[in-house]
Structure formats: structure tokens, C-alpha cells
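Visitor: What follows is a structure written as C-alpha cells; I'll ask about it next.
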Amino acid sequence: MMQEFALILAYIVIAYMLFSSLSYIGLFALAFGKVKRENKLDKRESTEDFLRNQSTYPVSILVPAYNEEVGVVSTVRSLLALEYPEKEIIVIDDGSKDSTSMRMIEEFKMKKVPFAVRMHIETAEIEDIYQSSIFPYIRLIKKANGGKADALNAGINLSSFPYFCAIDGDSILEYDGLLKCMKPIIESDGQIIVTGGSVRIANGSTISRSKVEVVGLPRSPVVIMQVVEYFRAFLIGRLALSHLNILLIVSGAFGVFNKERVIQAGGYNKNTVGEDMELVVRLHRLLREEKSKQRIEYIPDPVCWTEAPESLDVLKSQRIRWQRGLFETLWTHRKMMLNPKYGSIGLFSMPYFLFIELLGAVFEFIGYFIIFGGFFFSLVDPQIAGIMFLVTVFYGSLISALAVLLEELTLHKYPKVSHLMRLYFWALTEAFWYRPLMVLWRVRGIFAAFQKKAHWGDMKRKGIST
């Protein structure tokens with residue numbers, strides 16, 4: 001009886017993985033077509049035109065920071081170097097226990113200023129506001145701890161401009177990144193209300209004075225696999241879903257938003273660890289209910305560099321939090337699921353994120369259990385276990401290799417042949433060590449969603465700029 005049940009499960013998992021693989025290949029085909037068309041454009045010439053354009057919208061750059069003393073100054077320096085006509089930079093210290101605020105105050109010669117904040121969105125108490133005497137458009141908010149979402153809401157309240165860019169306190173934006181993200185918004189005359197760029201891992205690269213001088217690969221296989229994973233998430237998933245106008249997530253590390261729309265939607269949700277995805281889904285919901293033609297887009301070219309976890313403990317904590325955030329978002333907006341009222345978002349995108357991105361971990365976990373049981377305990381016929389093993393390798397490693405190929409066709413950030421060979425090699429090993437770890441942690445993330453509320457957490461930083 002047990003063997004019959006295991007055999008049925010094995011066939012279900014094989015069918016699921018084949019379907020999931022075909023879904024990814026379909027998304028790859030969409031992404032590849034979009035990349036091929038965009039590569040024919042002279043992007044540098046078009047961004048230079050926008051740099052001189054008087055109609056370019058001013059942007060508030062919000063940097064939420066919690067215990068970011070190592071990287072926050074480098075992030076702000078990189079923002080100072082951005083090619084953009086008019087901007088302000090607001091760092092929000094969300095009750096840090098380290099010297100985050102002190103580093104900002106000392107580096108940028110900041111002084112305390114009187115303030116009156118318009119409370120569009122309710123937040124934890126604002127303690128002090130500082131302004132730089134060198135760069136008056138740089139401000140620092142010191143506030144009581146309320147989480148990343150609360151910090152961003154405080155920044156929105158204080159911001160002066162109609163669009164805001166949210167960027168993590170440990171990240172560095174390329175000099176033309178903001179211009180490239182704002183370009184489709186300006187060209188659409190405001191019909192695009194959110195844009196997001198690609199996030200790349202800075203570990204292994206040479207970064208000096210908040211600028212990426214030499215792009216390199218880290219030595220650690222754990223970090224290299226995160227590089228490949230980011231390729232797959234951004235260049236296949238987000239590029240294809242954006243093309244269909246059903247993208248449900250813009251990375252919390254880097255995104256540009258229409259402030260009025262975000263305030264109308266209620267700001268960032270403080271009751272989830274996946275505040276970035278939840279806000280985007282809520283904005284989609286708002287647009288569909290209004291029958292608005294406004295849209296949300298992902299643009300692969302603007303690149304934000306961030307420091308990735310190097311230890312398995314920190315990586316585990318991050319992935320559990322991400323999976324928990326995905327679960328919380330899908331549960332919060334469950335009424336959209338398969339609801340024709342929300343068009344392709346409800347009929348395709350929400351089910352995709354549920355069955356492929358969330359429950360995929362559960363199916364894969366069952367698959368690994370059956371493979372192990374088939375080879376060592378005769379739980380199923382070893383031939384069936386062998387087929388499952390091959391499907392698992394195909395499901396993970398081949399898709400990752402396609403993601404590396406798409407990176408080479410789009411941004412070409414890793415110019416050395418040796419870099420690509422190492423990326424392909426580790427992508428092909430994914431199913432044998434890295435993916436099982438991710439599956440285990442993602443399953444734990446689902447269970448974590450039923451536990452007490454999590455905070456936005458710490459990550460031990462080495463710093464990505466000198």
C-alpha cells in the first residue's frame with residue numbers, strides 16, 4: 001500500500017516538474033524575444049537625451065537602514081554620483097543599535113533641523129531629522145524601530161517629489177540606473193507607475209568610491225549560486241512577466257514608485273516581511289478595480305549592486321523570510337486568485353506564484369524524499385527514482401544555465417570567458433547540493449508564516465565599497 005501511494009506521488013511530482021520546466025522555458029522564450037528587440041536600440045543615446053530633458057520628473061531616493069553602519073555611507077555616495085537632473089536623498093535610520101546615524105552625520109556634516117512631517121501614512125515616532133550642510137538635499141530621519149516597511153513609509157511622508165526610489169542601505173546603484181528606470185515612466189506620460197531594475201551581487205567585484213570598477217565573481221560556490229539564482233529570477237521570471245503586465249514583485253533593493261499611487265494604496269504594509277511584493281500586488285489590485293490602464297514594468301538594464309550572504313546561516317534566514325513574505329502576500333490577496341475581475345493577474349500570475357514559486361518547494365521536497373527512498377529503501381522502483389532524479393536535474397540546472405545565457409545576451413556584466421565557464425559549471429551542479437538546501441529552507445519559510453511576526457533582521461556585512 002505504501003509503495004503504491006509513493007508511486008502515485010512520484011508520478012504527480014514528475015508531471016509537476018515537467019509542467020514547471022515548460023513554464024520556465026515559455027518565460028525564457030518571452031524574455032529572449034524582448035531582449036532581442038531591445039538590444040537593437042541605442043540605449044546610451046536615449047538616456048543622454050533624457051538627462052537634458054526639462055520635463056524629467058524629480059525623484060526622492062529613500063534609503064531605509066537598520067544597523068547598516070558598514071554600507072550606508074557608500075550607498076549615499078553612489079547616489080550622489082547618479083546622473084539625474086533633480087533628486088533628494090533621504091536615509092531613514094529605523095532605530096539602529098549601531099553607528100548608522102553617526103556615520104551619516106559625520107560623513108556629510110549633518111545638523112539637526114526643525115521638522116513638520118505630513119502624515120500621509122501613520123508610522124512609528126520620528127525622533128530627529130538632520131540635513132547635510134554640504135549637500136542640502138541629503139536628509140537623515142532618526143525614528144523608533146518599526147521595521148523596513150515603516151521606515152519607507154516615514155520616508156514617503158517626508159519626501160518632496162512625485163516619484164520615489166526605494167533602495168536598500170547596503171546597495172550601490174550604477175550612475176545611470178535611476179535615469180534608465182525613470183525613462184519609461186516619462187515616455188509613458190505617467191502611465192507606468194512602478195519600475196524596477198536588476199539586482200546584481202557585488203561580492204567578488206572591485207568597488208572603489210562607491211563605483212564598480214571591475215566586475216568579478218566571488219570565490220565561494222554559495223555566493224556564485226546566488227549570482228545564478230538572481231539571473232533566473234530577474235532575467236527570466238521578471239522580464240517575461242513584466243512583458244505580459246502581470247509582474248507581482250519589484251525588488252525591495254531597488255524600485256521606483258509613483259508616490260500618489262502608493263499613498264492611495266495605503267503605503268507599505270507593516271504586517272508582512274514581504275512588504276515589497278505585497279505593495280506591488282496591492283497596486284495591481286487597485287489598478288484592476290479602477291479599470292486603469294496604468295502598468296508596472298521591469299527594466300533589465302538599470303543595475304543595483306548589493307552584498308549577498310556568504311554564510312549558510314544568514315542565507316537560510318534570508319530565504320525563509322522571502323518564502324514567508326511570498327506566502328503572506330498570496331494569503332492577504334487570496335480573493336484575487338482565479339478571479340476574472342482581476343484579469344490576467346488573477347487568472348495567471350497569482351496561480352503561477354502559488355503553484356510554481358510557493359508550492360514548488362513542497363513538490364520538490366517530496367521528490368527528493370521519493371528519490372532517496374527509491375534508491376536506498378525500495379520505496380519505489382529504482383527506475384522511477386532514476387527518472388525523477390533526471391527530471392530534478394533538468395528542472396533546476398538547465399533553467400539556471402539558460403539564465404546565464406540570457407545574462408550574456410542582455411547586460412554582459414561578466415566579460416571574461418572564465419567567468420561564464422564558472423557560472424555554467426556551478427549552474428549545472430545546482431540540483432546536487434544548492435537546490436536541496438533552498439527547497440528545505442523554502443518549506444520552512446511556509447511553516448514560519450504561521451508563527452509569530454518576524455522583524456526585518458540583521459545581516460553581517462563586510463562592506464562592498466572602499
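Residue names in the C-alpha cells use chain letters A, B, ... in the order shown, residue numbers from 1 in each chain, and ligand numbers from 1 in the order shown.
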Based on the backbone DSSP call, show me all residues of stretch 276-323 of chain A assigned helix (DSSP H, G or I), as JSON, numbers by chain.

Guide: {"A": [276, 277, 278, 279, 280, 281, 282, 283, 284, 285, 286, 287, 288, 289, 290, 312, 313, 314, 315, 316, 317, 318, 319, 320, 321, 322, 323]}

Visitor: With a cut-off of 10 Å, could you pull out the residues of stretch 135-209 of chain A touching stretch 70-82 of chain A and give me the nearest pair of atoms for each, distance in Å to one decimal, using only C-alpha atoms, ordered by chain and ascending number, as a tab-separated table?

Guide:
residue	atom	partner	partner_atom	distance
A:Phe135	CA	A:Leu80	CA	9.0
A:Tyr137	CA	A:Leu80	CA	9.9
A:Ile138	CA	A:Val76	CA	8.7
A:Ile167	CA	A:Thr75	CA	8.8
A:Asp168	CA	A:Thr75	CA	8.3
A:Gly169	CA	A:Val72	CA	5.1
A:Asp170	CA	A:Gly71	CA	4.9
A:Ser171	CA	A:Thr75	CA	5.6
A:Ile172	CA	A:Thr75	CA	5.2
A:Leu173	CA	A:Ser78	CA	6.3
A:Glu174	CA	A:Leu82	CA	7.2
A:Tyr175	CA	A:Leu82	CA	4.4
A:Asp176	CA	A:Leu82	CA	6.1
A:Gly177	CA	A:Leu82	CA	7.5
A:Leu178	CA	A:Leu82	CA	7.2
A:Leu179	CA	A:Leu82	CA	8.3
A:Ile207	CA	A:Ser74	CA	9.8
A:Ser208	CA	A:Ser74	CA	9.3
A:Arg209	CA	A:Ser74	CA	7.2

Visitor: Extract, using only C-alpha atoms, all DNA, RNA and protein residues at most 6 Å from stretch 323-330 of chain A, discarding same-chain residues fewer than 5 positions from it, and format them as JSON, numbers by chain.

Guide: {"A": [273, 274, 278, 442, 445, 446, 449]}

Visitor: Per DSSP on the backbone, what are the strand (DSSP E) residues of stretch 61-140 of chain A, as JSON, numbers by chain?

Guide: {"A": [61, 62, 63, 64, 65, 87, 88, 89, 90, 91, 92, 93, 94, 110, 111, 112, 113, 126, 127, 128, 129, 130, 131, 132, 138, 139, 140]}

Visitor: Only C-alpha atoms, please: the residues just picked out, written as a short mmCIF file (atom, residue, chain, number, x, y, z; two decimals), in the first residue's frame.

Guide:
data_model
loop_
_atom_site.label_atom_id
_atom_site.label_comp_id
_atom_site.auth_asym_id
_atom_site.auth_seq_id
_atom_site.Cartn_x
_atom_site.Cartn_y
_atom_site.Cartn_z
CA ILE A 61 15.53 58.47 -3.07
CA LEU A 62 14.61 56.61 0.13
CA VAL A 63 17.24 54.53 1.91
CA PRO A 64 15.82 52.50 4.83
CA ALA A 65 18.67 51.49 7.15
CA LYS A 87 16.85 64.43 -6.71
CA GLU A 88 16.81 64.32 -2.92
CA ILE A 89 18.28 61.59 -0.73
CA ILE A 90 16.52 60.58 2.50
CA VAL A 91 18.15 57.99 4.78
CA ILE A 92 15.79 56.53 7.38
CA ASP A 93 17.54 55.09 10.43
CA ASP A 94 14.95 52.68 11.80
CA MET A 110 24.73 66.95 9.13
CA LYS A 111 22.89 69.23 11.54
CA LYS A 112 19.60 68.75 13.33
CA VAL A 113 16.73 70.72 11.75
CA ILE A 126 10.07 60.39 14.38
CA GLU A 127 12.79 61.39 16.85
CA ASP A 128 15.01 63.78 14.88
CA ILE A 129 15.71 64.96 11.34
CA TYR A 130 19.15 66.02 10.14
CA GLN A 131 20.24 67.85 7.00
CA SER A 132 23.65 67.92 5.36
CA ILE A 138 20.58 64.87 1.82
CA ARG A 139 18.48 64.29 4.93
CA LEU A 140 18.51 61.74 7.73
#

Visitor: Which residues are close to A:Gly396, i.e. within 12 Å by only C-alpha atoms, leaving aside same-chain residues fewer than 6 positions away? Reply as a count of residues only.

Guide: 30
